[in-house]
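Structure file entry11.cif with mmCIF, C-alpha atoms:
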```cif
data_model
loop_
_atom_site.label_atom_id
_atom_site.label_comp_id
_atom_site.auth_asym_id
_atom_site.auth_seq_id
_atom_site.Cartn_x
_atom_site.Cartn_y
_atom_site.Cartn_z
CA THR A 1 -5.93 151.54 -242.06
CA GLN A 2 -3.80 154.67 -242.09
CA LEU A 3 -0.65 154.55 -244.20
CA LEU A 4 0.86 157.01 -241.74
CA GLU A 5 0.33 156.89 -237.99
CA GLN A 6 1.02 159.82 -235.73
CA SER A 7 1.52 159.85 -231.99
CA PRO A 8 0.49 161.07 -229.62
CA GLN A 9 -2.94 162.02 -230.91
CA PHE A 10 -3.25 164.84 -228.36
CA LEU A 11 -0.60 166.60 -226.29
CA SER A 12 -1.06 169.36 -223.76
CA ILE A 13 2.03 170.85 -222.15
CA GLN A 14 3.18 173.94 -220.28
CA GLU A 15 5.11 176.75 -221.92
CA GLY A 16 8.84 176.09 -221.78
CA GLU A 17 8.62 172.29 -221.91
CA ASN A 18 10.18 170.17 -224.63
CA LEU A 19 8.20 167.66 -226.67
CA THR A 20 8.54 165.14 -229.45
CA VAL A 21 5.84 163.92 -231.81
CA TYR A 22 6.17 160.96 -234.12
CA CYS A 23 5.11 159.90 -237.58
CA ASN A 24 5.39 156.18 -238.35
CA SER A 25 4.67 153.80 -241.18
CA SER A 26 5.47 150.30 -242.30
CA SER A 27 6.13 151.72 -245.76
CA VAL A 28 9.22 153.43 -247.10
CA PHE A 29 8.79 157.01 -248.28
CA SER A 30 10.84 158.86 -250.84
CA SER A 31 10.08 162.09 -249.01
CA LEU A 32 8.17 163.24 -245.99
CA GLN A 33 6.75 166.59 -245.01
CA TRP A 34 5.58 168.23 -241.79
CA TYR A 35 2.78 170.80 -241.72
CA ARG A 36 1.32 172.91 -238.92
CA GLN A 37 -2.32 173.86 -239.02
CA GLU A 38 -3.69 176.55 -236.73
CA PRO A 39 -7.39 176.61 -235.83
CA GLY A 40 -9.54 177.87 -238.69
CA GLU A 41 -6.66 177.97 -241.19
CA GLY A 42 -5.12 175.70 -243.79
CA PRO A 43 -2.01 173.58 -243.16
CA VAL A 44 1.30 175.37 -243.67
CA LEU A 45 4.39 173.48 -244.79
CA LEU A 46 7.21 173.47 -242.23
CA VAL A 47 9.80 171.18 -243.80
CA THR A 48 10.48 168.46 -246.36
CA VAL A 49 12.96 165.66 -245.67
CA VAL A 50 14.19 163.31 -248.37
CA THR A 51 17.33 161.53 -247.15
CA GLY A 52 17.34 158.72 -244.58
CA GLY A 53 18.84 160.00 -241.32
CA GLU A 54 18.41 163.61 -242.37
CA VAL A 55 18.02 166.21 -239.62
CA LYS A 56 16.67 169.67 -240.30
CA LYS A 57 16.32 172.52 -237.84
CA LEU A 58 13.88 175.39 -238.02
CA LYS A 59 14.49 177.66 -235.03
CA ARG A 60 13.23 175.64 -232.03
CA LEU A 61 11.92 172.80 -234.21
CA THR A 62 14.10 169.81 -235.12
CA PHE A 63 12.90 167.32 -237.72
CA GLN A 64 14.46 163.91 -238.26
CA PHE A 65 13.83 161.38 -240.99
CA GLY A 66 14.49 157.79 -239.97
CA ASP A 67 17.42 155.91 -241.47
CA ALA A 68 15.03 153.50 -243.17
CA ARG A 69 12.78 156.35 -244.35
CA LYS A 70 9.75 154.80 -242.64
CA ASP A 71 9.39 157.24 -239.79
CA SER A 72 10.02 160.79 -238.71
CA SER A 73 10.01 162.86 -235.57
CA LEU A 74 9.47 166.48 -234.72
CA HIS A 75 11.07 167.83 -231.57
CA ILE A 76 10.13 171.24 -230.18
CA THR A 77 12.39 172.88 -227.62
CA ALA A 78 11.00 175.32 -225.08
CA ALA A 79 7.48 175.24 -226.48
CA GLN A 80 5.53 178.47 -226.69
CA PRO A 81 1.77 179.11 -226.90
CA GLY A 82 2.30 180.08 -230.54
CA ASP A 83 3.30 176.48 -231.25
CA THR A 84 -0.27 175.39 -230.55
CA GLY A 85 -1.84 173.66 -233.52
CA LEU A 86 -2.33 170.46 -235.43
CA TYR A 87 0.92 168.93 -236.68
CA LEU A 88 0.48 166.79 -239.78
CA CYS A 89 3.00 164.60 -241.51
CA ALA A 90 2.62 163.67 -245.17
CA GLY A 91 4.61 161.15 -247.16
CA ALA A 92 5.12 160.28 -250.80
CA ARG A 93 6.03 156.63 -251.33
CA ASN A 94 7.63 157.16 -254.69
CA TYR A 95 8.69 160.10 -256.80
CA GLY A 96 5.68 161.04 -258.88
CA GLN A 97 3.12 159.93 -256.33
CA ASN A 98 0.93 162.21 -254.27
CA PHE A 99 1.60 162.92 -250.64
CA VAL A 100 -0.63 161.06 -248.16
CA PHE A 101 -1.44 162.74 -244.85
CA GLY A 102 -1.36 161.27 -241.38
CA PRO A 103 -4.16 161.97 -238.86
CA GLY A 104 -2.12 164.59 -236.99
CA THR A 105 -1.04 165.41 -233.45
CA ARG A 106 -3.01 168.15 -231.79
CA LEU A 107 -0.67 170.19 -229.58
CA SER A 108 -1.76 172.67 -226.96
CA VAL A 109 0.86 174.78 -225.20
CA LEU A 110 -0.48 176.47 -222.11
CA PRO A 111 0.99 179.76 -220.88
CA ASP B 15 -0.70 183.91 -247.08
CA SER B 16 -0.17 180.88 -249.34
CA GLY B 17 -1.49 182.58 -252.46
CA VAL B 18 -4.36 180.10 -252.74
CA THR B 19 -7.78 181.69 -252.39
CA GLN B 20 -11.04 180.00 -251.53
CA THR B 21 -14.58 181.32 -251.51
CA PRO B 22 -16.79 181.50 -249.63
CA LYS B 23 -15.12 181.35 -246.22
CA HIS B 24 -18.30 180.17 -244.52
CA LEU B 25 -21.38 178.50 -245.95
CA ILE B 26 -24.52 177.49 -244.09
CA THR B 27 -27.16 175.51 -245.89
CA ALA B 28 -29.83 172.89 -245.37
CA THR B 29 -29.91 169.17 -246.00
CA GLY B 30 -30.72 168.22 -249.57
CA GLN B 31 -29.25 171.40 -251.01
CA ARG B 32 -26.40 171.86 -253.47
CA VAL B 33 -23.41 174.17 -253.04
CA THR B 34 -20.33 175.14 -255.04
CA LEU B 35 -16.97 175.89 -253.49
CA ARG B 36 -14.42 177.83 -255.48
CA CYS B 37 -10.63 177.76 -255.45
CA SER B 38 -8.02 179.86 -257.24
CA PRO B 39 -4.54 178.33 -257.18
CA ARG B 40 -1.27 180.17 -256.69
CA SER B 41 -0.10 181.99 -259.78
CA GLY B 42 1.67 179.51 -262.03
CA ASP B 43 0.47 176.38 -260.27
CA LEU B 44 -1.12 173.82 -262.56
CA SER B 45 -2.43 171.31 -260.05
CA VAL B 46 -5.35 171.69 -257.65
CA TYR B 47 -6.32 169.34 -254.83
CA TRP B 48 -9.47 169.18 -252.73
CA TYR B 49 -9.57 167.89 -249.16
CA GLN B 50 -12.29 167.44 -246.56
CA GLN B 51 -11.42 167.85 -242.89
CA SER B 52 -13.78 166.90 -240.12
CA LEU B 53 -12.99 166.45 -236.44
CA ASP B 54 -13.23 162.69 -236.49
CA GLN B 55 -11.79 161.97 -239.94
CA GLY B 56 -8.72 164.16 -240.25
CA LEU B 57 -7.63 165.52 -243.62
CA GLN B 58 -9.20 163.36 -246.32
CA PHE B 59 -8.05 163.67 -249.92
CA LEU B 60 -10.97 164.01 -252.33
CA ILE B 61 -9.65 164.68 -255.81
CA GLN B 62 -6.79 166.23 -257.80
CA TYR B 63 -6.73 168.03 -261.13
CA TYR B 64 -3.68 168.83 -263.22
CA ASN B 65 -3.92 171.35 -266.04
CA GLY B 66 -7.64 170.78 -266.44
CA GLU B 67 -7.62 166.99 -266.28
CA GLU B 68 -8.52 164.75 -263.37
CA ARG B 69 -5.29 163.15 -262.11
CA ALA B 70 -6.16 161.32 -258.91
CA LYS B 71 -9.28 160.44 -257.02
CA GLY B 72 -9.55 159.75 -253.31
CA ASN B 73 -12.50 159.29 -251.00
CA ILE B 74 -14.89 161.44 -252.97
CA LEU B 75 -18.59 160.62 -252.76
CA GLU B 76 -20.68 160.26 -255.90
CA ARG B 77 -22.74 163.26 -254.71
CA PHE B 78 -19.59 165.36 -255.02
CA SER B 79 -17.96 166.47 -258.24
CA ALA B 80 -15.22 168.86 -259.24
CA GLN B 81 -13.65 170.43 -262.26
CA GLN B 82 -10.72 172.62 -263.19
CA PHE B 83 -11.34 175.34 -265.74
CA PRO B 84 -9.03 176.63 -268.50
CA ASP B 85 -7.96 179.53 -266.27
CA LEU B 86 -6.95 176.82 -263.73
CA HIS B 87 -9.41 177.76 -261.03
CA SER B 88 -11.40 174.86 -259.66
CA GLU B 89 -14.86 174.28 -258.27
CA LEU B 90 -16.09 171.55 -255.95
CA ASN B 91 -19.80 170.82 -256.22
CA LEU B 92 -21.55 169.14 -253.31
CA SER B 93 -25.13 168.00 -253.84
CA SER B 94 -27.90 166.30 -251.84
CA LEU B 95 -26.14 167.55 -248.77
CA GLU B 96 -26.33 165.59 -245.54
CA LEU B 97 -25.57 166.59 -241.97
CA GLY B 98 -22.38 164.56 -242.13
CA ASP B 99 -21.05 166.71 -244.96
CA SER B 100 -20.46 169.53 -242.49
CA ALA B 101 -16.70 170.04 -242.49
CA LEU B 102 -13.84 172.25 -243.55
CA TYR B 103 -13.07 171.93 -247.25
CA PHE B 104 -9.54 172.84 -248.28
CA CYS B 105 -8.09 173.46 -251.66
CA ALA B 106 -4.35 173.16 -252.27
CA SER B 107 -2.26 173.85 -255.32
CA SER B 108 1.13 172.82 -256.57
CA LEU B 109 3.33 173.72 -259.50
CA ALA B 110 3.65 170.21 -260.86
CA ALA B 111 1.45 167.16 -260.47
CA THR B 112 3.32 165.82 -257.44
CA ASP B 113 4.99 168.88 -256.02
CA THR B 114 4.67 170.48 -252.60
CA GLN B 115 1.11 171.54 -251.89
CA TYR B 116 0.12 174.98 -250.66
CA PHE B 117 -3.19 175.16 -248.88
CA GLY B 118 -5.90 177.77 -249.01
CA PRO B 119 -7.70 179.08 -245.92
CA GLY B 120 -10.61 176.68 -246.37
CA THR B 121 -14.38 176.89 -246.61
CA ARG B 122 -16.35 175.93 -243.53
CA LEU B 123 -19.56 174.21 -244.60
CA THR B 124 -22.37 173.78 -242.10
CA VAL B 125 -25.35 171.67 -243.11
CA LEU B 126 -28.39 172.13 -240.89
#
```

Once more with this new file: its structure as structure tokens, please.
Amino acid sequence: TQLLEQSPQFLSIQEGENLTVYCNSSSVFSSLQWYRQEPGEGPVLLVTVVTGGEVKKLKRLTFQFGDARKDSSLHITAAQPGDTGLYLCAGARNYGQNFVFGPGTRLSVLP
Amino acid sequence: DSGVTQTPKHLITATGQRVTLRCSPRSGDLSVYWYQQSLDQGLQFLIQYYNGEERAKGNILERFSAQQFPDLHSELNLSSLELGDSALYFCASSLAATDTQYFGPGTRLTVL
């Protein structure tokens, strides 16, 4: 059983569309991170959220941490082919514990 | 470029063989993590070292072992290789034991 669930598992959209991917758990996390992994490369950290209800924006990407700190979402506006990749969330349940990774959402943005 | 280096980038070997994967962490980072990523299993945590000592162990097989040396580089040893060991192996490093992890480019292992 995964501590973190991500949905959808796969997503294929056209350039210019908006999308939201989700990271959910029954556990509370002290902090949660989002990574993007491009084919053949290692995951790259996009953002870390630590406060319930927190919203962070990174250009066209908007990250939200749930009020109860059990879930998070990533919204991409006007997706571009360069957004293609595997989006991974990772959570640490308590300060001092390692981050655990979810299975990822594989996004394909078609030109 | 994360600052984490891994060698080799690609490795092709046969079943039953033994290989060693090498990782150099970012300058100043004390902790090294090893992950296995296959298509059907996602990113699986194998083991973590902090300043030369094993700190956490995940789903690492008994055929696999790792160590972190005094200069903080790490090696992952895979022995009695099986077809199912074919995967991407990533190393990550962090400054502290539970800090943000920075990933290397990975080693793609193919077992024939």

task: Can you pull out every residue within 9 Å of A:Ser26, counting all atoms listed in the file, but drop anything in the same chain fewer than 6 positions away, and send it as an NGL selection string?
output: :A and (3-4 or 70-71)

Just-selected residues, C-alpha atoms written as a PDB file, in the coordinates of the input:
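Now in out.pdb:
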```
ATOM      1  CA  LEU A   3      -0.650 154.550-244.200  1.00  0.00           C
ATOM      2  CA  LEU A   4       0.860 157.010-241.740  1.00  0.00           C
ATOM      3  CA  LYS A  70       9.750 154.800-242.640  1.00  0.00           C
ATOM      4  CA  ASP A  71       9.390 157.240-239.790  1.00  0.00           C
TER       5      ASP A  71
END
```

- request: Report as a PyMOL selection string the full result of the PyMOL selection byres ((chain B) within 12 of (chain A)) when it is applied to this structure.
  value: chain B and resi 15-20+23-24+45-63+69-72+101-106+108+110-122

query: Quick one: which residues end up in the PyMOL selection byres ((chain A and resi 30) around 10) for this structure, as a ChimeraX atom specification?
result: /A:27-29,31-32,49-52,69-70,91-97

What are the centre and edge lengths in Å, to one decimal, of the axis-aligned box around all listed atoms of stretch 26-39 of chain A with 5 Å added on each side, as lines of an AutoDock Vina configuration file?
```
center_x = 1.7
center_y = 163.5
center_z = -243.3
size_x = 28.2
size_y = 36.3
size_z = 25.0
```

- request: Tell me which protein, DNA and RNA residues are within 12 Å of B:Ser94, counting all atoms listed in the file, leaving out same-chain ones fewer than 5 positions away, and put them as a list of chain:residue names.
  value: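 Close residues of B:Ser94: B:Thr27, B:Ala28, B:Thr29, B:Gly30, B:Gln31, B:Arg32, B:Val33, B:Leu75, B:Glu76, B:Arg77, B:Phe78, B:Ser79, B:Asp99, B:Val125.
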
query: Counting all atoms listed in the file, what is within 12 Å of A:Leu74, bar same-chain residues fewer than 3 positions away, as a VMD selection string?
result: chain A and resid 6 to 8 18 to 24 32 to 36 46 to 49 55 to 58 60 to 66 71 77 87 to 89 104 to 105 107

- request: Using atom CA of A:Lys59 and atom CA of A:Gly82 as the two end points, give the distance in Å to one decimal.
  value: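 We find that atom CA of A:Lys59 and atom CA of A:Gly82 lie 13.2 Å from each other.
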
query: So how far away is atom CA of A:Ala90 from atom CA of B:Gln82, in Å?
result: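 One can read the atom CA of B:Gln82 to atom CA of A:Ala90 distance as 24.1 Å.
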
- prompt: By how many Å are atom CA of A:Leu110 and atom CA of A:Gln9 apart?
  reply: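 So the two atoms, atom CA of A:Leu110 and atom CA of A:Gln9, lie 17.1 Å apart.
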
message: Using only C-alpha atoms, can you tell me which of A:Glu5, A:Pro111, A:Ser25, A:Arg106 comes closest to A:Pro81?
response: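 Closest to A:Pro81, using only C-alpha atoms: A:Pro111.
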
Select, counting only C-alpha atoms, all protein, DNA and RNA residues no farther than 6 Å from (0.3, 173.4, -222.0) in file coordinates, and express the selection as a compact mmCIF listing (two decimals) with C-alpha atoms, keeping the file's coordinate frame.
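The resulting file, out-v9.txt, is reproduced below:
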```
# COMPACT_ATOMS: atom_id res chain seq x y z
CA SER A 12 -1.06 169.36 -223.76
CA ILE A 13 2.03 170.85 -222.15
CA GLN A 14 3.18 173.94 -220.28
CA GLU A 15 5.11 176.75 -221.92
CA SER A 108 -1.76 172.67 -226.96
CA VAL A 109 0.86 174.78 -225.20
CA LEU A 110 -0.48 176.47 -222.11
```

- line: B:Gly66 proximity check over B:Leu92, B:Leu35, B:Leu25, B:Leu86, using only C-alpha atoms: winner is B:Leu86

Considering only C-alpha atoms, return as a PDB file with C-alpha atoms, keeping the file's coordinate frame whatever protein or nucleic-acid residues lie within 8 Å of B:Ala80, sequence-local ones (same chain, fewer than 5 positions apart) excluded.
```pdb
ATOM      1  CA  ILE B  61      -9.650 164.680-255.810  1.00  0.00           C
ATOM      2  CA  SER B  88     -11.400 174.860-259.660  1.00  0.00           C
ATOM      3  CA  GLU B  89     -14.860 174.280-258.270  1.00  0.00           C
ATOM      4  CA  LEU B  90     -16.090 171.550-255.950  1.00  0.00           C
ATOM      5  CA  ASN B  91     -19.800 170.820-256.220  1.00  0.00           C
TER       6      ASN B  91
END
```

message: Here is a test: counting all atoms listed in the file, which residue of B:Ser93, B:Thr21, B:Glu67, B:Leu109 is nearest to B:Gln81?
response: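 Using all atoms listed in the file, the shortest distance to B:Gln81 belongs to B:Glu67.
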